[in-house]
Amino acid sequence: MASSTFDPQPYCIPGEITVHEVLDMKRAFDMIDEDNSGVIDAEELQGAAVALGIPMEDNISVLLGTEKINFDEFFKRMTAKLSPSDKVDDIMGIFELFDNDATGTISFENMQNVARIIGAKESPKEIQEMLSTLDTDGDNELDPIDFYTCLVNGMRIRMEEEDRLQRQQADSMREHMETMARSGQSQRNMSAMSMGK
């Protein structure tokens, strides 16, 4: 699917994923899809990682497995969110993607590599600030506990925000229905009064 005919709108998530971010992911996908087949495989992803100077040999199988994936699946994997049913092994699989040099920690360089792969727009200073915020032991790297804590807390905050928005929408709908009901009652009362004249 050529980017010129690609419609990003179905992939947009209001307040989360913009048209520009979808287009960035599509450009990244098309860049990796060297044979323009509409699917990418581990070999193509490895080629892109090597071209970017990112050692990812073992991590590519974590990301892709042995299957070929189309843009829909690529988009789902790039935007996947943690859920309460995700296991520690799932989270550690994500950790290993970030720890592309297999040191057991995520360094500033690891985070910059991931940012480059996904086309993130954060500056090196912003990446360093994120790292410093998430680093609990002050060694300027994220160990698995830092990473796990970050993801689980992020999931909890996201779920709380989703619950808050649902409650807010329900309250707004209830208030709207009550207003409509009062308005309908007022109109019936006025009709009754005008008929009683």
# chains A, B, ... in the order shown; residues from 1 in each chain; ligands from 1

$ residues_around --residues "segment 17-24 of chain A" --least-positions-apart "4" --cutoff "6 Å" --atoms "only C-alpha atoms" --output "list of chain:residue names"
A:Pro8, A:Cys12, A:Ile13

$ closest_residue --among "A:Ile145, A:Ala102, A:Leu151, A:Ala42" --to "Glu67 of chain A" --atoms "only C-alpha atoms"
A:Ala42

$ closest_residue --among "A:Asp72, A:Asp7, A:Glu129, A:Asp89" --to "Ile40 of chain A" --atoms "only C-alpha atoms"
A:Asp72

$ atom_distance --atom1 "atom CA of Leu45 of chain A" --atom2 "atom CA of Phe98 of chain A"
15.1 Å

$ residues_around --residues "Glu126 of chain A" --least-positions-apart "5" --cutoff "12 Å" --atoms "only C-alpha atoms" --output "number ranges by chain"
A: 108, 111-112, 115, 120-121, 131-133

$ write_last_selection --atoms "C-alpha atoms" --output "PDB file, in the first residue's frame"
ATOM      1  CA  PHE A 108      20.485   6.459  27.554  1.00  0.00           C
ATOM      2  CA  MET A 111      16.558   4.683  24.711  1.00  0.00           C
ATOM      3  CA  GLN A 112      17.979   6.827  21.894  1.00  0.00           C
ATOM      4  CA  ALA A 115      13.511   6.521  19.774  1.00  0.00           C
ATOM      5  CA  ALA A 120      10.137   9.565  18.306  1.00  0.00           C
ATOM      6  CA  LYS A 121      10.476  13.318  18.329  1.00  0.00           C
ATOM      7  CA  LEU A 131      15.529   8.228  32.140  1.00  0.00           C
ATOM      8  CA  SER A 132      16.371  10.275  35.236  1.00  0.00           C
ATOM      9  CA  THR A 133      12.729  10.354  36.309  1.00  0.00           C
TER      10      THR A 133
END

$ decode --residues "segment 170-187 of chain A" --atoms "N, CA, C and O atoms" --output "short mmCIF file (atom, residue, chain, number, x, y, z; two decimals), in the first residue's frame"
data_model
loop_
_atom_site.label_atom_id
_atom_site.label_comp_id
_atom_site.auth_asym_id
_atom_site.auth_seq_id
_atom_site.Cartn_x
_atom_site.Cartn_y
_atom_site.Cartn_z
N ALA A 170 -20.55 9.52 31.56
CA ALA A 170 -21.82 9.04 32.11
C ALA A 170 -22.54 10.16 32.86
O ALA A 170 -23.75 10.34 32.72
N ASP A 171 -21.79 10.94 33.66
CA ASP A 171 -22.38 12.06 34.40
C ASP A 171 -22.94 13.10 33.44
O ASP A 171 -24.03 13.63 33.64
N SER A 172 -22.19 13.39 32.40
CA SER A 172 -22.62 14.38 31.41
C SER A 172 -23.89 13.91 30.71
O SER A 172 -24.83 14.69 30.51
N MET A 173 -23.93 12.63 30.36
CA MET A 173 -25.12 12.09 29.69
C MET A 173 -26.33 12.13 30.63
O MET A 173 -27.42 12.50 30.23
N ARG A 174 -26.12 11.77 31.91
CA ARG A 174 -27.21 11.80 32.89
C ARG A 174 -27.74 13.22 33.05
O ARG A 174 -28.94 13.45 33.02
N GLU A 175 -26.81 14.20 33.16
CA GLU A 175 -27.23 15.60 33.30
C GLU A 175 -27.99 16.06 32.06
O GLU A 175 -29.01 16.76 32.18
N HIS A 176 -27.54 15.66 30.89
CA HIS A 176 -28.22 16.03 29.65
C HIS A 176 -29.63 15.45 29.61
O HIS A 176 -30.58 16.13 29.24
N MET A 177 -29.76 14.20 30.02
CA MET A 177 -31.08 13.54 30.02
C MET A 177 -32.00 14.19 31.04
O MET A 177 -33.20 14.37 30.78
N GLU A 178 -31.46 14.55 32.21
CA GLU A 178 -32.27 15.23 33.23
C GLU A 178 -32.73 16.59 32.72
O GLU A 178 -33.89 16.97 32.93
N THR A 179 -31.86 17.31 32.04
CA THR A 179 -32.22 18.62 31.47
C THR A 179 -33.32 18.45 30.43
O THR A 179 -34.28 19.22 30.41
N MET A 180 -33.17 17.43 29.59
CA MET A 180 -34.18 17.17 28.57
C MET A 180 -35.51 16.81 29.22
O MET A 180 -36.58 17.25 28.77
N ALA A 181 -35.45 16.00 30.28
CA ALA A 181 -36.68 15.59 30.97
C ALA A 181 -37.35 16.81 31.60
O ALA A 181 -38.58 16.97 31.51
N ARG A 182 -36.57 17.70 32.25
CA ARG A 182 -37.14 18.91 32.84
C ARG A 182 -37.73 19.81 31.77
O ARG A 182 -38.78 20.39 31.93
N SER A 183 -37.02 19.91 30.65
CA SER A 183 -37.49 20.74 29.55
C SER A 183 -38.80 20.20 29.00
O SER A 183 -39.73 20.94 28.73
N GLY A 184 -38.88 18.88 28.86
CA GLY A 184 -40.11 18.24 28.39
C GLY A 184 -41.25 18.45 29.36
O GLY A 184 -42.39 18.71 28.96
N GLN A 185 -40.96 18.38 30.66
CA GLN A 185 -41.99 18.60 31.69
C GLN A 185 -42.47 20.04 31.63
O GLN A 185 -43.66 20.30 31.73
N SER A 186 -41.53 20.99 31.46
CA SER A 186 -41.90 22.41 31.39
C SER A 186 -42.79 22.66 30.18
O SER A 186 -43.78 23.40 30.28
N GLN A 187 -42.48 22.04 29.05
CA GLN A 187 -43.30 22.22 27.85
C GLN A 187 -44.69 21.63 28.05
O GLN A 187 -45.69 22.21 27.64
#
